[in-house]
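*Asks:* Contents of work-v3.cif (mmCIF, C-alpha atoms and all ligand atoms) are given next:
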data_work
loop_
_atom_site.label_atom_id
_atom_site.label_comp_id
_atom_site.auth_asym_id
_atom_site.auth_seq_id
_atom_site.Cartn_x
_atom_site.Cartn_y
_atom_site.Cartn_z
CA MET A 1 20.84 -7.50 13.26
CA THR A 2 17.76 -9.43 12.31
CA ASN A 3 16.12 -11.42 9.54
CA VAL A 4 13.70 -9.67 7.19
CA VAL A 5 10.43 -10.77 5.61
CA VAL A 6 9.27 -8.81 2.57
CA VAL A 7 5.57 -8.96 1.71
CA GLY A 8 3.32 -7.02 -0.63
CA SER A 9 0.67 -5.12 1.34
CA GLN A 10 -1.79 -4.69 -1.56
CA TRP A 11 -2.71 -6.88 -4.57
CA GLY A 12 0.87 -7.56 -5.68
CA ASP A 13 3.05 -5.55 -8.06
CA GLU A 14 3.94 -3.06 -5.32
CA GLY A 15 7.49 -2.79 -6.63
CA LYS A 16 9.00 -5.54 -4.49
CA GLY A 17 11.73 -6.20 -7.08
CA LYS A 18 13.82 -3.11 -6.44
CA ILE A 19 13.53 -3.31 -2.65
CA VAL A 20 14.19 -7.05 -2.54
CA ASP A 21 17.21 -6.52 -4.75
CA TRP A 22 18.54 -3.83 -2.44
CA LEU A 23 18.01 -6.09 0.58
CA SER A 24 19.29 -9.24 -1.10
CA GLU A 25 22.64 -7.60 -1.69
CA ARG A 26 22.94 -7.36 2.09
CA ALA A 27 21.54 -10.84 2.84
CA ASP A 28 23.38 -14.16 3.04
CA ILE A 29 20.34 -16.28 2.20
CA VAL A 30 17.24 -15.38 0.17
CA VAL A 31 14.18 -17.60 0.60
CA ARG A 32 10.97 -17.92 -1.43
CA PHE A 33 8.22 -19.35 0.77
CA GLN A 34 4.98 -19.36 -1.28
CA GLY A 35 3.57 -19.04 -4.78
CA GLY A 36 5.42 -20.22 -7.83
CA HIS A 37 6.20 -18.89 -11.28
CA ASN A 38 3.05 -16.75 -11.18
CA ALA A 39 5.30 -14.09 -9.66
CA GLY A 40 7.61 -12.07 -11.81
CA HIS A 41 10.08 -9.33 -11.44
CA THR A 42 12.89 -7.73 -13.29
CA LEU A 43 16.21 -6.96 -11.67
CA VAL A 44 18.55 -4.52 -13.33
CA ILE A 45 22.13 -5.00 -12.16
CA ASP A 46 24.98 -3.08 -13.77
CA GLY A 47 22.72 -2.29 -16.70
CA VAL A 48 21.79 -5.94 -17.32
CA SER A 49 18.16 -6.91 -16.92
CA TYR A 50 17.25 -10.30 -15.42
CA LYS A 51 13.70 -11.61 -15.37
CA LEU A 52 12.90 -13.94 -12.50
CA SER A 53 9.67 -15.82 -11.84
CA LEU A 54 10.53 -18.72 -9.61
CA LEU A 55 14.10 -18.25 -8.48
CA PRO A 56 14.79 -16.03 -5.46
CA SER A 57 16.38 -12.67 -6.22
CA GLY A 58 19.66 -13.59 -4.56
CA ILE A 59 20.46 -15.89 -7.47
CA VAL A 60 21.86 -13.12 -9.66
CA ARG A 61 24.40 -12.10 -7.01
CA GLY A 62 27.48 -14.07 -6.10
CA GLY A 63 28.10 -15.52 -2.65
CA LYS A 64 24.48 -15.98 -1.61
CA ILE A 65 22.37 -19.06 -1.09
CA SER A 66 18.95 -18.92 -2.74
CA VAL A 67 16.31 -21.19 -1.30
CA ILE A 68 12.99 -22.39 -2.66
CA GLY A 69 11.01 -23.38 0.41
CA ASN A 70 8.40 -26.07 0.90
CA GLY A 71 5.58 -23.52 0.62
CA VAL A 72 6.37 -22.92 -3.05
CA VAL A 73 4.71 -24.87 -5.86
CA LEU A 74 7.44 -25.68 -8.32
CA ASP A 75 7.04 -26.31 -12.04
CA PRO A 76 10.23 -28.28 -12.75
CA HIS A 77 10.18 -27.43 -16.45
CA ALA A 78 9.76 -23.72 -15.71
CA LEU A 79 12.64 -24.01 -13.23
CA VAL A 80 14.96 -25.58 -15.80
CA ALA A 81 13.97 -22.99 -18.41
CA GLU A 82 14.72 -20.15 -15.97
CA ILE A 83 18.07 -21.68 -14.99
CA ASP A 84 19.03 -22.11 -18.67
CA LYS A 85 17.99 -18.57 -19.50
CA LEU A 86 20.14 -17.21 -16.69
CA ALA A 87 23.05 -19.37 -17.85
CA GLY A 88 22.72 -17.63 -21.23
CA GLN A 89 23.21 -14.35 -19.35
CA GLY A 90 26.27 -15.63 -17.55
CA VAL A 91 24.60 -16.47 -14.20
CA LYS A 92 25.52 -19.97 -13.03
CA VAL A 93 22.90 -21.75 -10.96
CA THR A 94 24.47 -24.66 -9.09
CA PRO A 95 23.72 -26.67 -5.93
CA GLU A 96 26.11 -24.24 -4.25
CA ASN A 97 23.84 -21.25 -4.76
CA LEU A 98 20.39 -22.84 -5.10
CA ARG A 99 18.64 -25.20 -2.69
CA ILE A 100 15.15 -26.56 -3.16
CA ALA A 101 13.10 -28.01 -0.32
CA ASP A 102 12.70 -31.72 -0.89
CA ASN A 103 9.13 -31.42 0.42
CA ALA A 104 8.06 -28.73 -2.08
CA THR A 105 5.06 -29.61 -4.27
CA LEU A 106 5.51 -30.01 -8.02
CA ILE A 107 3.32 -28.36 -10.63
CA LEU A 108 2.57 -30.81 -13.45
CA SER A 109 1.20 -30.22 -16.95
CA VAL A 110 -2.22 -31.42 -15.76
CA HIS A 111 -2.30 -28.54 -13.27
CA ARG A 112 -1.46 -25.95 -15.89
CA GLU A 113 -4.05 -27.37 -18.27
CA LEU A 114 -6.73 -27.52 -15.59
CA ASP A 115 -6.06 -23.88 -14.64
CA GLY A 116 -6.60 -22.83 -18.26
CA LEU A 117 -9.62 -25.09 -18.83
CA ARG A 118 -11.36 -23.74 -15.74
CA GLU A 119 -10.64 -20.13 -16.62
CA ASP A 120 -11.97 -20.67 -20.15
CA ALA A 121 -15.11 -22.34 -18.82
CA ALA A 122 -15.56 -19.57 -16.24
CA SER A 123 -15.24 -16.86 -18.88
CA ASN A 124 -18.56 -17.99 -20.30
CA SER A 125 -20.30 -17.90 -16.92
CA GLY A 126 -18.68 -14.66 -15.68
CA THR A 127 -16.93 -16.35 -12.74
CA LYS A 128 -13.37 -16.07 -14.01
CA ILE A 129 -10.60 -15.35 -11.44
CA GLY A 130 -8.16 -14.04 -14.01
CA THR A 131 -5.35 -16.39 -12.91
CA THR A 132 -1.90 -16.44 -14.48
CA ARG A 133 -2.77 -19.93 -15.87
CA ARG A 134 0.45 -21.37 -14.50
CA GLY A 135 -1.30 -24.21 -12.63
CA ILE A 136 -0.75 -22.63 -9.22
CA GLY A 137 -4.26 -23.23 -7.81
CA PRO A 138 -4.64 -26.83 -9.00
CA ALA A 139 -1.18 -27.74 -7.62
CA TYR A 140 -2.04 -26.35 -4.18
CA GLU A 141 -5.35 -28.23 -4.33
CA ASP A 142 -3.46 -31.49 -4.80
CA LYS A 143 -1.09 -30.60 -1.98
CA VAL A 144 -3.98 -30.07 0.42
CA GLY A 145 -5.72 -33.12 -1.04
CA ARG A 146 -2.62 -35.16 -0.06
CA ARG A 147 -2.03 -36.54 -3.53
CA ALA A 148 0.71 -34.13 -4.69
CA ILE A 149 4.03 -35.27 -6.11
CA ARG A 150 6.89 -33.59 -4.31
CA VAL A 151 10.52 -32.94 -5.17
CA MET A 152 11.79 -35.92 -3.16
CA ASP A 153 9.45 -38.27 -5.06
CA LEU A 154 11.56 -37.77 -8.19
CA ALA A 155 14.31 -39.76 -6.45
CA ASP A 156 12.13 -42.72 -5.55
CA MET A 157 11.25 -44.82 -8.56
CA GLU A 158 9.64 -47.40 -6.27
CA THR A 159 6.87 -45.13 -5.08
CA LEU A 160 6.60 -42.59 -7.92
CA PRO A 161 4.46 -44.76 -10.29
CA GLY A 162 1.85 -45.32 -7.56
CA LYS A 163 1.76 -41.59 -6.80
CA VAL A 164 1.30 -40.80 -10.47
CA ASP A 165 -1.61 -43.26 -10.66
CA ARG A 166 -3.22 -41.66 -7.64
CA ILE A 167 -2.98 -38.09 -8.93
CA LEU A 168 -4.15 -39.15 -12.39
CA THR A 169 -7.24 -40.93 -11.05
CA HIS A 170 -8.28 -37.55 -9.70
CA HIS A 171 -7.28 -35.48 -12.72
CA ASN A 172 -8.70 -37.81 -15.33
CA ALA A 173 -12.06 -37.76 -13.54
CA LEU A 174 -11.96 -33.95 -13.68
CA ARG A 175 -10.89 -33.98 -17.31
CA ARG A 176 -13.70 -36.32 -18.30
CA GLY A 177 -16.13 -33.94 -16.62
CA LEU A 178 -14.71 -31.06 -18.64
CA GLY A 179 -14.92 -33.07 -21.87
CA GLU A 180 -11.13 -33.33 -22.16
CA LYS A 181 -8.94 -36.25 -23.18
CA GLU A 182 -7.48 -38.32 -20.34
CA VAL A 183 -3.75 -38.20 -19.67
CA SER A 184 -1.74 -41.43 -19.59
CA HIS A 185 0.44 -42.68 -16.76
CA GLU A 186 3.36 -42.92 -19.21
CA ALA A 187 3.02 -39.26 -20.24
CA ILE A 188 3.33 -38.01 -16.65
CA MET A 189 6.13 -40.44 -15.84
CA GLN A 190 8.02 -39.20 -18.89
CA GLU A 191 7.35 -35.57 -17.92
CA LEU A 192 8.84 -36.20 -14.48
CA THR A 193 11.74 -38.51 -15.30
CA SER A 194 12.90 -36.22 -18.11
CA VAL A 195 13.53 -33.44 -15.63
CA ALA A 196 14.44 -35.33 -12.44
CA GLU A 197 18.19 -35.23 -13.00
CA ARG A 198 18.10 -31.48 -13.43
CA VAL A 199 16.11 -30.86 -10.24
CA LEU A 200 17.41 -33.43 -7.76
CA PRO A 201 20.92 -32.02 -7.30
CA PHE A 202 19.33 -28.96 -5.67
CA ARG A 203 17.26 -30.83 -3.11
CA GLU A 204 17.80 -29.84 0.48
CA THR A 205 16.38 -30.28 3.97
CA VAL A 206 15.59 -26.58 4.08
CA TRP A 207 14.37 -26.27 7.66
CA GLU A 208 17.67 -27.73 8.84
CA LEU A 209 19.78 -25.52 6.59
CA LEU A 210 17.96 -22.41 7.82
CA ASP A 211 18.23 -23.46 11.44
CA LYS A 212 22.00 -24.01 11.13
CA GLU A 213 22.60 -20.79 9.25
CA ARG A 214 20.43 -18.76 11.61
CA ARG A 215 22.42 -20.03 14.57
CA LYS A 216 25.63 -19.01 12.80
CA GLY A 217 24.27 -15.48 12.45
CA ALA A 218 23.44 -15.49 8.74
CA ARG A 219 21.15 -12.70 7.50
CA ILE A 220 18.08 -14.33 6.00
CA LEU A 221 15.74 -12.52 3.65
CA PHE A 222 12.30 -14.00 3.01
CA GLU A 223 10.99 -12.88 -0.35
CA GLY A 224 7.20 -12.89 -0.56
CA ALA A 225 5.36 -12.97 -3.87
CA GLN A 226 1.96 -11.46 -4.80
CA GLY A 227 0.31 -9.38 -2.08
CA SER A 228 -1.62 -9.71 1.16
CA LEU A 229 -4.96 -8.98 -0.48
CA LEU A 230 -4.39 -12.00 -2.72
CA ASP A 231 -3.92 -14.22 0.37
CA ILE A 232 -6.13 -17.31 0.30
CA ASP A 233 -7.49 -16.50 3.79
CA HIS A 234 -7.11 -12.74 4.19
CA GLY A 235 -7.57 -11.61 0.61
CA THR A 236 -10.58 -10.75 -1.50
CA TYR A 237 -11.72 -14.37 -1.79
CA PRO A 238 -12.36 -15.99 -4.25
CA PHE A 239 -10.37 -13.48 -6.34
CA VAL A 240 -7.09 -14.47 -4.72
CA THR A 241 -4.13 -16.71 -5.33
CA SER A 242 -4.07 -20.16 -3.74
CA SER A 243 -1.37 -19.63 -1.14
CA ASN A 244 -1.02 -17.69 2.10
CA THR A 245 0.89 -14.59 1.07
CA VAL A 246 1.03 -12.99 4.51
CA ALA A 247 4.26 -12.88 6.52
CA GLY A 248 3.37 -15.82 8.78
CA GLN A 249 3.76 -18.05 5.76
CA ALA A 250 7.48 -17.25 5.68
CA SER A 251 7.70 -19.56 8.67
CA ALA A 252 5.35 -22.36 7.55
CA GLY A 253 6.62 -22.19 3.97
CA SER A 254 10.29 -22.57 4.90
CA GLY A 255 10.37 -24.41 8.19
CA MET A 256 11.99 -21.59 10.17
CA GLY A 257 10.10 -20.92 13.39
CA PRO A 258 8.13 -17.64 13.58
CA GLY A 259 10.22 -16.28 16.46
CA ALA A 260 13.19 -15.89 14.12
CA LEU A 261 11.45 -14.01 11.33
CA GLY A 262 12.42 -10.53 12.53
CA TYR A 263 11.49 -7.36 10.67
CA ILE A 264 8.35 -7.51 8.50
CA LEU A 265 8.64 -5.04 5.64
CA GLY A 266 5.39 -4.33 3.77
CA ILE A 267 5.99 -3.08 0.24
CA THR A 268 3.30 -0.51 -0.44
CA LYS A 269 2.62 1.40 -3.62
CA ALA A 270 1.62 5.07 -3.23
CA TYR A 271 -1.59 4.26 -5.15
CA THR A 272 -3.36 0.94 -5.79
CA THR A 273 -3.29 -1.55 -8.66
CA ARG A 274 -4.70 -4.98 -9.27
CA VAL A 275 -4.45 -7.51 -12.12
CA GLY A 276 -7.24 -9.93 -12.84
CA GLU A 277 -10.82 -9.90 -11.61
CA GLY A 278 -12.23 -9.01 -8.21
CA PRO A 279 -13.34 -6.09 -6.04
CA PHE A 280 -11.33 -2.87 -6.11
CA PRO A 281 -13.21 -0.12 -4.25
CA THR A 282 -10.89 2.75 -5.21
CA GLU A 283 -10.53 1.78 -8.88
CA LEU A 284 -10.46 4.75 -11.27
CA LYS A 285 -11.93 4.04 -14.65
CA ASP A 286 -11.37 7.64 -15.76
CA GLU A 287 -8.47 9.64 -17.13
CA ILE A 288 -6.72 9.67 -13.73
CA GLY A 289 -6.69 5.85 -13.72
CA GLN A 290 -5.30 5.96 -17.22
CA PHE A 291 -2.66 8.51 -16.15
CA LEU A 292 -1.51 6.26 -13.28
CA GLY A 293 -1.39 3.19 -15.55
CA GLU A 294 0.64 4.91 -18.22
CA LYS A 295 2.97 6.83 -15.96
CA GLY A 296 3.46 3.86 -13.65
CA HIS A 297 3.96 1.37 -16.54
CA GLU A 298 1.28 -0.79 -15.04
CA PHE A 299 1.45 -3.93 -17.15
CA GLY A 300 1.88 -7.44 -15.67
CA THR A 301 5.44 -8.84 -15.79
CA VAL A 302 4.24 -12.43 -16.22
CA THR A 303 1.15 -12.11 -18.41
CA GLY A 304 1.54 -8.61 -19.90
CA ARG A 305 -2.00 -7.76 -18.80
CA LYS A 306 -2.93 -4.14 -18.16
CA ARG A 307 -3.24 -3.48 -14.42
CA ARG A 308 -6.31 -1.75 -13.03
CA CYS A 309 -5.37 1.46 -11.16
CA GLY A 310 -6.92 3.53 -8.38
CA TRP A 311 -6.37 5.76 -5.35
CA PHE A 312 -4.44 4.61 -2.30
CA ASP A 313 -6.68 2.54 -0.04
CA ALA A 314 -5.50 3.09 3.53
CA ALA A 315 -8.27 0.90 4.97
CA LEU A 316 -6.93 -2.10 3.03
CA VAL A 317 -3.29 -1.46 3.87
CA ARG A 318 -4.21 -0.96 7.56
CA GLN A 319 -5.68 -4.45 7.43
CA SER A 320 -2.45 -5.77 5.85
CA VAL A 321 -0.39 -4.08 8.56
CA ALA A 322 -2.41 -6.09 11.08
CA THR A 323 -2.53 -9.46 9.30
CA ASN A 324 1.21 -9.42 8.51
CA GLY A 325 2.43 -7.73 11.67
CA ILE A 326 4.17 -5.18 9.45
CA THR A 327 7.01 -3.39 11.27
CA GLY A 328 7.52 -0.74 8.61
CA ILE A 329 6.71 -0.13 4.97
CA ALA A 330 8.67 0.60 1.84
CA LEU A 331 6.57 3.17 0.00
CA THR A 332 7.08 2.91 -3.76
CA LYS A 333 6.22 4.89 -6.89
CA LEU A 334 5.46 8.14 -5.11
CA ASP A 335 6.76 9.94 -8.21
CA VAL A 336 3.86 8.58 -10.28
CA LEU A 337 1.60 10.95 -8.35
CA ASP A 338 3.65 14.04 -9.32
CA GLY A 339 1.61 16.63 -11.19
CA LEU A 340 -1.88 15.66 -10.02
CA ASP A 341 -3.95 18.60 -8.73
CA GLU A 342 -5.39 16.67 -5.85
CA LEU A 343 -5.01 13.22 -4.36
CA LYS A 344 -7.52 11.04 -2.59
CA ILE A 345 -6.90 8.44 0.08
CA CYS A 346 -9.59 5.97 1.05
CA VAL A 347 -10.06 5.87 4.82
CA GLY A 348 -13.03 3.51 5.06
CA TYR A 349 -16.21 2.57 3.23
CA LYS A 350 -19.93 3.07 3.16
CA LEU A 351 -21.85 -0.18 3.09
CA ASP A 352 -25.59 0.14 2.57
CA GLY A 353 -25.46 3.66 4.01
CA VAL A 354 -23.41 2.73 7.09
CA GLN A 355 -19.77 3.83 7.47
CA ILE A 356 -17.30 1.00 8.21
CA ASP A 357 -13.54 1.10 8.68
CA HIS A 358 -12.49 -2.14 6.96
CA LEU A 359 -13.39 -4.19 3.92
CA PRO A 360 -15.96 -6.82 4.92
CA ALA A 361 -15.12 -10.45 4.12
CA SER A 362 -18.28 -11.21 2.14
CA GLN A 363 -18.00 -11.13 -1.62
CA GLY A 364 -21.39 -9.46 -2.00
CA ALA A 365 -20.53 -6.70 0.50
CA GLN A 366 -17.12 -6.19 -1.11
CA ALA A 367 -18.82 -5.51 -4.41
CA ARG A 368 -21.23 -3.00 -2.81
CA VAL A 369 -18.90 -0.87 -0.66
CA GLU A 370 -18.26 2.72 -1.64
CA PRO A 371 -14.96 4.31 -0.63
CA VAL A 372 -14.88 7.23 1.81
CA TYR A 373 -12.04 9.59 0.88
CA VAL A 374 -9.95 12.34 2.37
CA THR A 375 -8.65 14.74 -0.26
CA LEU A 376 -5.16 16.22 -0.21
CA GLU A 377 -3.59 18.88 -2.32
CA GLY A 378 -1.20 17.50 -4.94
CA TRP A 379 2.24 18.81 -5.89
CA LYS A 380 3.61 20.01 -9.19
CA GLU A 381 7.32 19.45 -8.55
CA SER A 382 9.03 16.23 -9.57
CA THR A 383 9.92 13.80 -6.80
CA VAL A 384 11.83 11.53 -9.18
CA GLY A 385 15.21 10.60 -7.77
CA ALA A 386 14.72 12.22 -4.32
CA ARG A 387 17.23 10.77 -1.87
CA LYS A 388 16.41 12.77 1.25
CA TRP A 389 13.28 14.25 2.78
CA ALA A 390 14.49 17.76 1.96
CA ASP A 391 14.30 16.85 -1.76
CA LEU A 392 10.54 16.31 -1.49
CA PRO A 393 7.89 19.02 -1.88
CA ALA A 394 5.99 19.81 1.32
CA GLN A 395 2.75 18.38 -0.06
CA ALA A 396 4.44 15.08 -0.89
CA ILE A 397 5.74 14.82 2.68
CA LYS A 398 2.23 15.58 3.92
CA TYR A 399 0.87 12.76 1.75
CA VAL A 400 3.43 10.29 3.13
CA ARG A 401 2.75 11.33 6.74
CA GLN A 402 -0.98 10.94 6.17
CA VAL A 403 -0.41 7.43 4.77
CA GLU A 404 1.70 6.46 7.81
CA GLU A 405 -0.91 7.75 10.21
CA LEU A 406 -3.83 6.06 8.46
CA ILE A 407 -2.22 2.64 8.08
CA GLY A 408 -0.56 2.62 11.51
CA ALA A 409 2.98 1.85 10.34
CA PRO A 410 6.03 4.01 9.62
CA VAL A 411 7.87 4.40 6.34
CA ALA A 412 11.22 2.60 6.54
CA LEU A 413 12.15 3.19 2.92
CA LEU A 414 10.78 5.50 0.29
CA SER A 415 11.48 4.69 -3.32
CA THR A 416 11.43 7.54 -5.82
CA SER A 417 12.46 5.87 -9.09
CA PRO A 418 13.30 2.41 -10.40
CA GLU A 419 17.01 3.17 -9.78
CA ARG A 420 18.35 1.47 -6.68
CA GLU A 421 20.00 4.56 -5.29
CA ASP A 422 16.88 6.69 -5.59
CA THR A 423 15.65 5.72 -2.16
CA ILE A 424 15.19 7.60 1.09
CA LEU A 425 16.34 5.28 3.85
CA VAL A 426 14.73 5.88 7.22
CA THR A 427 15.33 2.49 8.84
CA ASP A 428 17.52 -0.36 7.61
CA PRO A 429 15.33 -3.42 8.23
CA PHE A 430 18.37 -5.69 8.78
CA GLU A 431 19.71 -3.37 11.47
CA ASP A 432 16.44 -2.60 13.26
P1 LIG B 501 -2.92 -17.41 -9.76
O1 LIG B 501 -1.94 -17.06 -8.68
O2 LIG B 501 -2.27 -17.63 -11.10
O3 LIG B 501 -3.83 -18.53 -9.37
O4 LIG B 501 -3.87 -16.12 -9.97
C1 LIG B 501 -4.82 -15.71 -8.98
C2 LIG B 501 -4.89 -14.21 -8.87
O5 LIG B 501 -3.66 -13.71 -8.37
C3 LIG B 501 -5.12 -13.48 -10.19
O6 LIG B 501 -5.90 -12.33 -9.94
C4 LIG B 501 -3.73 -13.06 -10.61
O7 LIG B 501 -3.75 -11.92 -11.45
C5 LIG B 501 -3.13 -12.73 -9.26
N1 LIG B 501 -1.67 -12.85 -9.24
C6 LIG B 501 -0.93 -13.96 -9.20
N2 LIG B 501 0.38 -13.68 -9.16
C7 LIG B 501 0.47 -12.33 -9.15
C8 LIG B 501 1.59 -11.42 -9.06
O8 LIG B 501 2.76 -11.79 -8.97
N3 LIG B 501 1.25 -10.09 -9.07
C9 LIG B 501 -0.03 -9.65 -9.09
N4 LIG B 501 -1.08 -10.46 -9.17
C10 LIG B 501 -0.84 -11.79 -9.19
#
Take the structure in the file and give it back as structure tokens.

*Replies:*
Amino acid sequence: MTNVVVVGSQWGDEGKGKIVDWLSERADIVVRFQGGHNAGHTLVIDGVSYKLSLLPSGIVRGGKISVIGNGVVLDPHALVAEIDKLAGQGVKVTPENLRIADNATLILSVHRELDGLREDAASNSGTKIGTTRRGIGPAYEDKVGRRAIRVMDLADMETLPGKVDRILTHHNALRRGLGEKEVSHEAIMQELTSVAERVLPFRETVWELLDKERRKGARILFEGAQGSLLDIDHGTYPFVTSSNTVAGQASAGSGMGPGALGYILGITKAYTTRVGEGPFPTELKDEIGQFLGEKGHEFGTVTGRKRRCGWFDAALVRQSVATNGITGIALTKLDVLDGLDELKICVGYKLDGVQIDHLPASQGAQARVEPVYVTLEGWKESTVGARKWADLPAQAIKYVRQVEELIGAPVALLSTSPEREDTILVTDPFED
């Protein structure tokens, strides 16, 4: 028995929801360790659909502890709204089943506004990132700038006013530069005090809780958000999110030492998608891209934006296997490829006429690379709902084996429809 870290191995939206749900049923504790309410997934349990952005997936199941770790940036108003929405669906969120790290950074209205103001300004100059406008980047900036307000600060009325002054000195200078109205001390104090009583009952010394539970033998699931190619260090910078999304962050973002992380499961879509701006070497702007988008329902859960679609990029996923230390992958949405005459997999790139085997870090080079493909025969049969290898057409198995070989990691789970049971289980990550 081991703990499990789930990460996206591409640009997010790999179908983590279904797999995390399956795993969270078997976990005692589910931990978010990075990102914020920029993430989004829908869980369907007994025919009821629950939309989560900030809360860990374990929250909709009884008898589990859900944890928001210190690596998360937490919008307290978004948290309260999500808790209230779940209450309307009959899910009770209490300090029994939710714990929030007292050292997690808060997202304030000034962060959300700054995110939007910058994106609007960048639209005119063509340098837009295409963020979710939730204030994620600006909140992490303040964390690293050592002026953030954290969960525990809501309980300390002695020091909070000084912290608000400090953060506002910074933000009002930025706002003046952008031609925006300044924000008053009273407005931010009101924003924080109005929500403090709702947030503080959940505060927890998370590293200690995890240490105790781990020693008792609890199964801990770390639920990553976004994907490895959106990682602030390892992703396609600057078109990335502002947190480390790779598996190592499960440790830093929760306070559980890396030796206890266990199995690293990389959720991997059988083709590639991306939302927002940035390089995408295998993007298909033709009818095949359209086919993948429509068949795969590729629209953002949080912003509703249409996702860009393209062929599977094995060079990128191979990189994610390395940067995350992926033990095995969960391959999702294979069925979306059913019916295509032929399939391409990117195995490397050509950069200025020279063949390379990984995406270079430079933004200019990333924009210039051309994918090098291998072509495989497609299959006409439906793979929807396959639950064992024998249910799959030979060409589909060949595709999966080729993916495994090219990325250097085995398939642990293969998902063949949004239904939980439509999964081929090769290795149970908790039992590995
Ligand atoms: P931010 O995280 O809102 O700052 O957005 C930065 C980039 O990450 C943008 O390209 C977003 O589209 C992308 N992004 C953020 N969260 C997600 C997610 O959950 N899935 C896919 N892309 C995401």

*Asks:* Can you measure atom CA of Ile65 of chain A to atom CA of Leu98 of chain A for me? One decimal in Å is fine.

*Replies:*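 Here the two named atoms are 5.9 Å from each other.
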
*Asks:* Please identify all protein, DNA and RNA residues within 7 Å of ligand LIG 501 (chain B), counting only C-alpha atoms and all ligand atoms, and report them as a PyMOL selection string.

*Replies:* chain A and resi 11-13+38-40+129-137+225-226+230+239-242+274-277

*Asks:* Using only C-alpha atoms for the distances, tell me which of A:Lys18, A:His111, A:Lys163, A:Arg198 is nearest to Thr94 of chain A.

*Replies:*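 So, comparing all the options, the nearest one is A:Arg198.
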
*Asks:* Name the closest residue to Lys85 of chain A among the candidates A:Ser49, A:Thr273, A:Ser228, A:Thr236; distances are taken between atoms, counting all atoms listed in the file.

*Replies:*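 The closest residue to Lys85 of chain A is A:Ser49.
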
*Asks:* Enclose segment 401-413 of chain A, meaning all of its atoms listed in the file, in a box aligned along x, y and z, pad it by 8 Å on each side, and list the centre and edge lengths in Å to one decimal, as AutoDock Vina command-line options.

*Replies:*
--center_x 4.2 --center_y 6.6 --center_z 7.2 --size_x 32.0 --size_y 25.5 --size_z 24.6

*Asks:* Would you mind listing, for every residue of segment 132-194 of chain A within 12 Å of segment 68-80 of chain A, the two atoms forming the shortest contact and the distance between them in Å to one decimal, using all atoms listed in the file, sorted by chain and ascending residue number, as a Markdown table?

*Replies:*
| residue | atom | partner | partner_atom | distance |
| --- | --- | --- | --- | --- |
| A:Arg134 | CA | A:Asp75 | CA | 8.6 |
| A:Gly135 | CA | A:Asp75 | CA | 8.6 |
| A:Ile136 | CA | A:Val73 | CA | 6.8 |
| A:Gly137 | CA | A:Val73 | CA | 9.3 |
| A:Pro138 | CA | A:Val73 | CA | 10.1 |
| A:Ala139 | CA | A:Val73 | CA | 6.8 |
| A:Tyr140 | CA | A:Val73 | CA | 7.1 |
| A:Glu141 | CA | A:Val73 | CA | 10.7 |
| A:Asp142 | CA | A:Val73 | CA | 10.6 |
| A:Lys143 | CA | A:Val73 | CA | 9.0 |
| A:Val144 | CA | A:Gly71 | CA | 11.6 |
| A:Ala148 | CA | A:Val73 | CA | 10.2 |
| A:Ile149 | CA | A:Leu74 | CA | 10.4 |
| A:Arg150 | CA | A:Leu74 | CA | 8.9 |
| A:Val151 | CA | A:Leu74 | CA | 8.5 |
| A:Met152 | CA | A:Asn70 | CA | 11.2 |
| A:Leu154 | CA | A:Pro76 | CA | 10.6 |
| A:Glu191 | CA | A:His77 | CA | 8.7 |
| A:Leu192 | CA | A:Pro76 | CA | 8.2 |
| A:Thr193 | CA | A:Pro76 | CA | 10.7 |
| A:Ser194 | CA | A:His77 | CA | 9.3 |

*Asks:* Please produce an output containing C-alpha atoms for each residue in the selection, written as a PDB file, in the frame of the given file.

*Replies:*
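Final output, saved to part_8.pdb:
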ATOM      1  CA  ARG A 134       0.450 -21.370 -14.500  1.00  0.00           C
ATOM      2  CA  GLY A 135      -1.300 -24.210 -12.630  1.00  0.00           C
ATOM      3  CA  ILE A 136      -0.750 -22.630  -9.220  1.00  0.00           C
ATOM      4  CA  GLY A 137      -4.260 -23.230  -7.810  1.00  0.00           C
ATOM      5  CA  PRO A 138      -4.640 -26.830  -9.000  1.00  0.00           C
ATOM      6  CA  ALA A 139      -1.180 -27.740  -7.620  1.00  0.00           C
ATOM      7  CA  TYR A 140      -2.040 -26.350  -4.180  1.00  0.00           C
ATOM      8  CA  GLU A 141      -5.350 -28.230  -4.330  1.00  0.00           C
ATOM      9  CA  ASP A 142      -3.460 -31.490  -4.800  1.00  0.00           C
ATOM     10  CA  LYS A 143      -1.090 -30.600  -1.980  1.00  0.00           C
ATOM     11  CA  VAL A 144      -3.980 -30.070   0.420  1.00  0.00           C
ATOM     12  CA  ALA A 148       0.710 -34.130  -4.690  1.00  0.00           C
ATOM     13  CA  ILE A 149       4.030 -35.270  -6.110  1.00  0.00           C
ATOM     14  CA  ARG A 150       6.890 -33.590  -4.310  1.00  0.00           C
ATOM     15  CA  VAL A 151      10.520 -32.940  -5.170  1.00  0.00           C
ATOM     16  CA  MET A 152      11.790 -35.920  -3.160  1.00  0.00           C
ATOM     17  CA  LEU A 154      11.560 -37.770  -8.190  1.00  0.00           C
ATOM     18  CA  GLU A 191       7.350 -35.570 -17.920  1.00  0.00           C
ATOM     19  CA  LEU A 192       8.840 -36.200 -14.480  1.00  0.00           C
ATOM     20  CA  THR A 193      11.740 -38.510 -15.300  1.00  0.00           C
ATOM     21  CA  SER A 194      12.900 -36.220 -18.110  1.00  0.00           C
TER      22      SER A 194
END
